[in-house]
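Colleague: Dropping a structure here in C-alpha cells format, bear with me for questions.
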Amino acid sequence: MDESELIERAKRGDEAAIRALYERHSPRVYAVVRRLAGDDALAEDWAQDAWVQALRGLHRFRNESRFSTWLYRIAVNSALQGRRSRERRTQLEDPLPVTVPARSPADRPLLRVRLERALDALPERMRQVLVLYDVEGYTHAEIAEALGVTTGTSKSQLFKARAKMRELLAASPVAAVLEEV
Amino acid sequence: MHLTLETLARLVDEEATPAEAEHLRRCVSCREELETLRDEVAALAELPRLVPPPPSAWPALEKRLRAEGLIAPAPEAGRVPEAARPSPWGGARLLRLAAAIALFLLGGGAGFAAHAALDAGAADSGPGGAIASPATTVEDAARQLAEAEAVYRSALARYNELAGVPIMGDPLTRLATLETILLTTGEALSASPADPVINGYHLTALAQREATMQQLVLASDEKWY
C-alpha cells in the first residue's frame, strides 16, 4: 500500500496503517530524538510525544511535503520542547565522564561508538546545537529559530561543543576503551 | 601560544584570519589538532540516520494512542487490509535482510562446522540439514531461512558450550574483518549495484558490524549510546 493511502487510513485511526507508518519511519524519528535527548528513557518519551503530536496533527498534512520530512520536523520540535520543559523542572546534571579517543585507522571502527558516547556526555545545550548542525545539517538560522536564540549564539555554542567533544575524545587512551570490552 | 580549541573548532568551516593562518603555517601541533577536529566533524555527519527504537516503544505508544482516541476501536477480524497489516518480519526490506543474514550465517556455519569436523577428525555432518519442503514465496523462504538460522545458532551455542569456545571471539578482529568485507562489497556494488548476491553479503556485513558494535558496548556494561 502506498504511503498516501496509509496516511489517509491513519487519519481515520486505522491501527494497521498507523503501525505500518510507525514501522517505516520510527528508526529515523528515534535516531534524531535519541541524540538530542542524550539518554534512552528520555528519548523513548520524546519519540512517543512526537508520534502523538504527528497523529493529532495528521489531518493538517496535505502531501505538499514528504511525510518523512514533516514527521522529522515534528520529532525535532518535540525533543526541543521536551528539553525546555525538563529544564524548567530539574537542574541539569553534570555530564558523565567519558572514555574515548582515536587517531589510527585501526581504531576507526570504534570511532562511531566513541562519538555517540561523547555526544551523550556533552552539556545539553551544546549537544542540541552540535547534533542539529553537524549531524542533522541544520543551518545556524534554522537552529536559532528552533532554539529561540541568535545565530551568533548558535555558532558560539557549536564551537564550544566541538571543542568539548575533542576534549572528551582525547580524555583517555584507547587502551581504556579496549579494557572495558 | 597555541590557538584555542574553540578557535580551531571555528576554523573547521570558517576562514582563518591572517594572524590565525600565519600561526597555522608555523605550528604543526595546531594544524594536527585542526585536522583531528575536521575528521571528527566529518564522522559526526556520517552517523547512521536510522536507529531502531527499543521493542518496548510500540506497545507503550499504542496504549497512549488508544487512550487518546487516535487509534480507532479494533475492527472485526479479517477487515484489516492485508497490505496495511505490518509484516511480522518488519516489511519486505527486512524480509530480504533476514534472508541475507540467514544465508550468511548458514554459509559461515557450514564453513565453521567443516573446520570443526576436520579438527575433530570427523566429517559426517554439517548444520543447516534438510529443510522440509521447497518454499514457493519469498516470505516462506525467509521463514525457512530464519528457522534454519535458529537451528544453527542453537547448535553453535551447544558446540561452544561443549568445546569451551567463548561466545564472542576477539571483537576488534571481527570489526576489522567486517570493515574489510564492506570495503570489498562496497566497491563491487559500485560496479554492479543490482547484484542480489553482493547486496545480500553487503547488507549482512552491515548488520553484523552493527551487532558487533552493540556487543562491544554491552560487554562494557555501557548503554549503546
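Ligands are numbered from 1 in the order shown, chains are lettered A, B, ... in the order of the C-alpha cells, and residues start at 1 in each chain.
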With a distance cut-off of 12 Å and only C-alpha atoms, select the neighbouring residues of Leu80 in chain A, excluding the residue or stretch itself and same-chain residues fewer than 3 positions from it, and output the selection as a ChimeraX atom specification.
Modeller: /A:32-37,42-43,46-47,49-50,73-77,83-87,124-125,127-129,131-132,143,145-148
Colleague: List the neighbours of Pro53 in chain B out to 12 Å using only C-alpha atoms; skip same-chain residues closer than 3 positions along the sequence, and give me the result as a ChimeraX atom specification.
Modeller: /A:22-34,40-41,43-48 /B:50,56-61,224
Colleague: Write the residues you've just listed into a file as a PDB file, in the first residue's frame, and include N, CA and C atoms for each of them.
Modeller:
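Listed below is the output, selection_39.pdb:
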```
ATOM      1  N   TYR A  22       4.516   3.647  11.478  1.00  0.00           N
ATOM      2  CA  TYR A  22       5.481   3.589  12.581  1.00  0.00           C
ATOM      3  C   TYR A  22       6.674   2.698  12.190  1.00  0.00           C
ATOM      4  N   GLU A  23       6.371   1.530  11.656  1.00  0.00           N
ATOM      5  CA  GLU A  23       7.450   0.611  11.261  1.00  0.00           C
ATOM      6  C   GLU A  23       8.375   1.278  10.247  1.00  0.00           C
ATOM      7  N   ARG A  24       7.759   2.050   9.348  1.00  0.00           N
ATOM      8  CA  ARG A  24       8.530   2.649   8.265  1.00  0.00           C
ATOM      9  C   ARG A  24       9.395   3.811   8.752  1.00  0.00           C
ATOM     10  N   HIS A  25       8.865   4.617   9.656  1.00  0.00           N
ATOM     11  CA  HIS A  25       9.546   5.884   9.980  1.00  0.00           C
ATOM     12  C   HIS A  25      10.146   5.963  11.384  1.00  0.00           C
ATOM     13  N   SER A  26       9.828   5.016  12.243  1.00  0.00           N
ATOM     14  CA  SER A  26      10.307   5.173  13.624  1.00  0.00           C
ATOM     15  C   SER A  26      11.835   5.165  13.762  1.00  0.00           C
ATOM     16  N   PRO A  27      12.600   4.426  12.934  1.00  0.00           N
ATOM     17  CA  PRO A  27      14.059   4.494  13.113  1.00  0.00           C
ATOM     18  C   PRO A  27      14.636   5.894  12.879  1.00  0.00           C
ATOM     19  N   ARG A  28      14.053   6.634  11.919  1.00  0.00           N
ATOM     20  CA  ARG A  28      14.567   7.987  11.672  1.00  0.00           C
ATOM     21  C   ARG A  28      14.175   8.917  12.821  1.00  0.00           C
ATOM     22  N   VAL A  29      12.922   8.790  13.276  1.00  0.00           N
ATOM     23  CA  VAL A  29      12.450   9.606  14.399  1.00  0.00           C
ATOM     24  C   VAL A  29      13.304   9.324  15.640  1.00  0.00           C
ATOM     25  N   TYR A  30      13.501   8.038  15.904  1.00  0.00           N
ATOM     26  CA  TYR A  30      14.219   7.685  17.131  1.00  0.00           C
ATOM     27  C   TYR A  30      15.685   8.131  17.058  1.00  0.00           C
ATOM     28  N   ALA A  31      16.284   8.030  15.872  1.00  0.00           N
ATOM     29  CA  ALA A  31      17.703   8.402  15.746  1.00  0.00           C
ATOM     30  C   ALA A  31      17.921   9.857  16.152  1.00  0.00           C
ATOM     31  N   VAL A  32      17.102  10.755  15.603  1.00  0.00           N
ATOM     32  CA  VAL A  32      17.336  12.174  15.903  1.00  0.00           C
ATOM     33  C   VAL A  32      16.939  12.503  17.339  1.00  0.00           C
ATOM     34  N   VAL A  33      15.845  11.929  17.796  1.00  0.00           N
ATOM     35  CA  VAL A  33      15.395  12.223  19.162  1.00  0.00           C
ATOM     36  C   VAL A  33      16.382  11.663  20.184  1.00  0.00           C
ATOM     37  N   ARG A  34      16.906  10.472  19.894  1.00  0.00           N
ATOM     38  CA  ARG A  34      17.850   9.858  20.840  1.00  0.00           C
ATOM     39  C   ARG A  34      19.098  10.717  21.020  1.00  0.00           C
ATOM     40  N   ASP A  40      18.412   7.067  26.957  1.00  0.00           N
ATOM     41  CA  ASP A  40      17.386   6.199  26.365  1.00  0.00           C
ATOM     42  C   ASP A  40      15.970   6.493  26.859  1.00  0.00           C
ATOM     43  N   ALA A  41      15.838   6.710  28.175  1.00  0.00           N
ATOM     44  CA  ALA A  41      14.488   6.873  28.724  1.00  0.00           C
ATOM     45  C   ALA A  41      13.833   8.141  28.178  1.00  0.00           C
ATOM     46  N   ALA A  43      14.600   9.663  25.460  1.00  0.00           N
ATOM     47  CA  ALA A  43      14.386   9.507  24.023  1.00  0.00           C
ATOM     48  C   ALA A  43      13.083   8.768  23.753  1.00  0.00           C
ATOM     49  N   GLU A  44      12.801   7.740  24.549  1.00  0.00           N
ATOM     50  CA  GLU A  44      11.579   6.976  24.322  1.00  0.00           C
ATOM     51  C   GLU A  44      10.353   7.861  24.573  1.00  0.00           C
ATOM     52  N   ASP A  45      10.422   8.668  25.650  1.00  0.00           N
ATOM     53  CA  ASP A  45       9.309   9.577  25.948  1.00  0.00           C
ATOM     54  C   ASP A  45       9.111  10.593  24.819  1.00  0.00           C
ATOM     55  N   TRP A  46      10.221  11.164  24.377  1.00  0.00           N
ATOM     56  CA  TRP A  46      10.102  12.237  23.379  1.00  0.00           C
ATOM     57  C   TRP A  46       9.699  11.694  22.009  1.00  0.00           C
ATOM     58  N   ALA A  47      10.169  10.500  21.694  1.00  0.00           N
ATOM     59  CA  ALA A  47       9.747   9.895  20.425  1.00  0.00           C
ATOM     60  C   ALA A  47       8.248   9.613  20.474  1.00  0.00           C
ATOM     61  N   GLN A  48       7.787   9.151  21.646  1.00  0.00           N
ATOM     62  CA  GLN A  48       6.351   8.889  21.794  1.00  0.00           C
ATOM     63  C   GLN A  48       5.559  10.198  21.636  1.00  0.00           C
TER      64      GLN A  48
ATOM     65  N   LEU B  50      19.403   6.079  10.816  1.00  0.00           N
ATOM     66  CA  LEU B  50      18.329   5.196  11.279  1.00  0.00           C
ATOM     67  C   LEU B  50      18.785   4.440  12.518  1.00  0.00           C
ATOM     68  N   SER B  56      10.098  -2.059  23.276  1.00  0.00           N
ATOM     69  CA  SER B  56       9.034  -1.648  24.192  1.00  0.00           C
ATOM     70  C   SER B  56       8.327  -0.378  23.716  1.00  0.00           C
ATOM     71  N   ALA B  57       8.891   0.298  22.720  1.00  0.00           N
ATOM     72  CA  ALA B  57       8.356   1.617  22.338  1.00  0.00           C
ATOM     73  C   ALA B  57       6.959   1.521  21.723  1.00  0.00           C
ATOM     74  N   TRP B  58       6.750   0.520  20.843  1.00  0.00           N
ATOM     75  CA  TRP B  58       5.442   0.458  20.185  1.00  0.00           C
ATOM     76  C   TRP B  58       4.304   0.131  21.170  1.00  0.00           C
ATOM     77  N   PRO B  59       4.436  -0.887  22.020  1.00  0.00           N
ATOM     78  CA  PRO B  59       3.321  -1.166  22.947  1.00  0.00           C
ATOM     79  C   PRO B  59       2.966   0.055  23.804  1.00  0.00           C
ATOM     80  N   ALA B  60       3.987   0.799  24.238  1.00  0.00           N
ATOM     81  CA  ALA B  60       3.714   1.977  25.064  1.00  0.00           C
ATOM     82  C   ALA B  60       2.998   3.046  24.245  1.00  0.00           C
ATOM     83  N   LEU B  61       3.454   3.230  23.009  1.00  0.00           N
ATOM     84  CA  LEU B  61       2.818   4.236  22.145  1.00  0.00           C
ATOM     85  C   LEU B  61       1.387   3.818  21.809  1.00  0.00           C
ATOM     86  N   TRP B 224      24.240   1.541  24.726  1.00  0.00           N
ATOM     87  CA  TRP B 224      24.689   1.601  23.345  1.00  0.00           C
ATOM     88  C   TRP B 224      25.056   3.028  22.985  1.00  0.00           C
TER      89      TRP B 224
END
```
Colleague: Kindly determine which residues of chain A lie within 7 Å of chain B, considering only C-alpha atoms, and give the answer as a PyMOL selection string.
Modeller: chain A and resi 1+13-17+19-20+23+26-28+30-31+44+48+52+55+109+112+116-117+120+134-135+159-160+162-163+166+180-181
Colleague: Include N, CA and C atoms and write out the residues we just selected as an mmCIF file, in the first residue's frame.
Modeller:
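The resulting file, again-v9.cif, is reproduced below:
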```
data_model
loop_
_atom_site.group_PDB
_atom_site.id
_atom_site.type_symbol
_atom_site.label_atom_id
_atom_site.label_comp_id
_atom_site.auth_asym_id
_atom_site.auth_seq_id
_atom_site.Cartn_x
_atom_site.Cartn_y
_atom_site.Cartn_z
ATOM 1 N N MET A 1 0.854 -1.205 0.000
ATOM 2 C CA MET A 1 0.000 0.000 0.000
ATOM 3 C C MET A 1 0.881 1.243 0.000
ATOM 4 N N GLY A 13 -7.776 6.661 12.086
ATOM 5 C CA GLY A 13 -7.494 5.854 13.278
ATOM 6 C C GLY A 13 -7.263 4.390 12.997
ATOM 7 N N ASP A 14 -6.974 4.061 11.742
ATOM 8 C CA ASP A 14 -6.743 2.659 11.380
ATOM 9 C C ASP A 14 -5.416 2.190 12.005
ATOM 10 N N GLU A 15 -5.529 1.268 12.936
ATOM 11 C CA GLU A 15 -4.345 0.839 13.694
ATOM 12 C C GLU A 15 -3.268 0.228 12.793
ATOM 13 N N ALA A 16 -3.710 -0.593 11.854
ATOM 14 C CA ALA A 16 -2.724 -1.255 10.989
ATOM 15 C C ALA A 16 -1.943 -0.224 10.176
ATOM 16 N N ALA A 17 -2.645 0.808 9.707
ATOM 17 C CA ALA A 17 -1.962 1.840 8.917
ATOM 18 C C ALA A 17 -0.996 2.633 9.794
ATOM 19 N N ARG A 19 0.435 1.560 12.475
ATOM 20 C CA ARG A 19 1.567 0.683 12.782
ATOM 21 C C ARG A 19 2.527 0.594 11.582
ATOM 22 N N ALA A 20 1.938 0.560 10.394
ATOM 23 C CA ALA A 20 2.784 0.478 9.193
ATOM 24 C C ALA A 20 3.627 1.743 9.039
ATOM 25 N N GLU A 23 6.371 1.530 11.656
ATOM 26 C CA GLU A 23 7.450 0.611 11.261
ATOM 27 C C GLU A 23 8.375 1.278 10.247
ATOM 28 N N SER A 26 9.828 5.016 12.243
ATOM 29 C CA SER A 26 10.307 5.173 13.624
ATOM 30 C C SER A 26 11.835 5.165 13.762
ATOM 31 N N PRO A 27 12.600 4.426 12.934
ATOM 32 C CA PRO A 27 14.059 4.494 13.113
ATOM 33 C C PRO A 27 14.636 5.894 12.879
ATOM 34 N N ARG A 28 14.053 6.634 11.919
ATOM 35 C CA ARG A 28 14.567 7.987 11.672
ATOM 36 C C ARG A 28 14.175 8.917 12.821
ATOM 37 N N TYR A 30 13.501 8.038 15.904
ATOM 38 C CA TYR A 30 14.219 7.685 17.131
ATOM 39 C C TYR A 30 15.685 8.131 17.058
ATOM 40 N N ALA A 31 16.284 8.030 15.872
ATOM 41 C CA ALA A 31 17.703 8.402 15.746
ATOM 42 C C ALA A 31 17.921 9.857 16.152
ATOM 43 N N GLU A 44 12.801 7.740 24.549
ATOM 44 C CA GLU A 44 11.579 6.976 24.322
ATOM 45 C C GLU A 44 10.353 7.861 24.573
ATOM 46 N N GLN A 48 7.787 9.151 21.646
ATOM 47 C CA GLN A 48 6.351 8.889 21.794
ATOM 48 C C GLN A 48 5.559 10.198 21.636
ATOM 49 N N VAL A 52 2.618 11.068 18.889
ATOM 50 C CA VAL A 52 1.275 11.518 19.296
ATOM 51 C C VAL A 52 0.968 12.871 18.643
ATOM 52 N N LEU A 55 0.250 12.352 14.934
ATOM 53 C CA LEU A 55 -1.051 11.756 14.632
ATOM 54 C C LEU A 55 -2.200 12.711 14.961
ATOM 55 N N PRO A 109 36.861 1.656 13.462
ATOM 56 C CA PRO A 109 35.569 1.025 13.734
ATOM 57 C C PRO A 109 34.955 1.460 15.057
ATOM 58 N N ARG A 112 32.675 5.553 15.837
ATOM 59 C CA ARG A 112 31.254 5.858 15.940
ATOM 60 C C ARG A 112 30.752 5.661 17.370
ATOM 61 N N GLU A 116 29.217 8.632 19.781
ATOM 62 C CA GLU A 116 27.885 8.571 20.387
ATOM 63 C C GLU A 116 27.980 8.765 21.902
ATOM 64 N N ARG A 117 28.989 8.144 22.501
ATOM 65 C CA ARG A 117 29.154 8.289 23.953
ATOM 66 C C ARG A 117 29.500 9.735 24.308
ATOM 67 N N ASP A 120 26.521 11.979 24.246
ATOM 68 C CA ASP A 120 25.712 11.849 25.461
ATOM 69 C C ASP A 120 26.309 12.629 26.627
ATOM 70 N N ASP A 134 25.997 19.597 13.068
ATOM 71 C CA ASP A 134 26.999 18.687 12.489
ATOM 72 C C ASP A 134 26.427 17.325 12.102
ATOM 73 N N VAL A 135 25.375 16.875 12.786
ATOM 74 C CA VAL A 135 24.810 15.565 12.442
ATOM 75 C C VAL A 135 23.633 15.724 11.477
ATOM 76 N N PHE A 159 30.904 25.952 18.422
ATOM 77 C CA PHE A 159 32.361 25.885 18.560
ATOM 78 C C PHE A 159 32.746 25.373 19.950
ATOM 79 N N LYS A 160 31.995 25.811 20.948
ATOM 80 C CA LYS A 160 32.242 25.288 22.308
ATOM 81 C C LYS A 160 31.998 23.768 22.334
ATOM 82 N N ARG A 162 32.109 21.560 19.839
ATOM 83 C CA ARG A 162 33.150 20.801 19.130
ATOM 84 C C ARG A 162 34.419 20.717 19.982
ATOM 85 N N ALA A 163 34.752 21.827 20.631
ATOM 86 C CA ALA A 163 35.956 21.843 21.469
ATOM 87 C C ALA A 163 35.793 20.869 22.633
ATOM 88 N N ARG A 166 36.123 17.323 21.457
ATOM 89 C CA ARG A 166 37.549 16.998 21.241
ATOM 90 C C ARG A 166 38.211 16.650 22.572
ATOM 91 N N GLU A 180 37.617 -2.090 28.649
ATOM 92 C CA GLU A 180 36.215 -2.241 29.062
ATOM 93 C C GLU A 180 35.571 -3.406 28.349
ATOM 94 N N VAL A 181 36.126 -3.737 27.178
ATOM 95 C CA VAL A 181 35.463 -4.749 26.338
ATOM 96 C C VAL A 181 35.686 -6.142 26.914
#
```
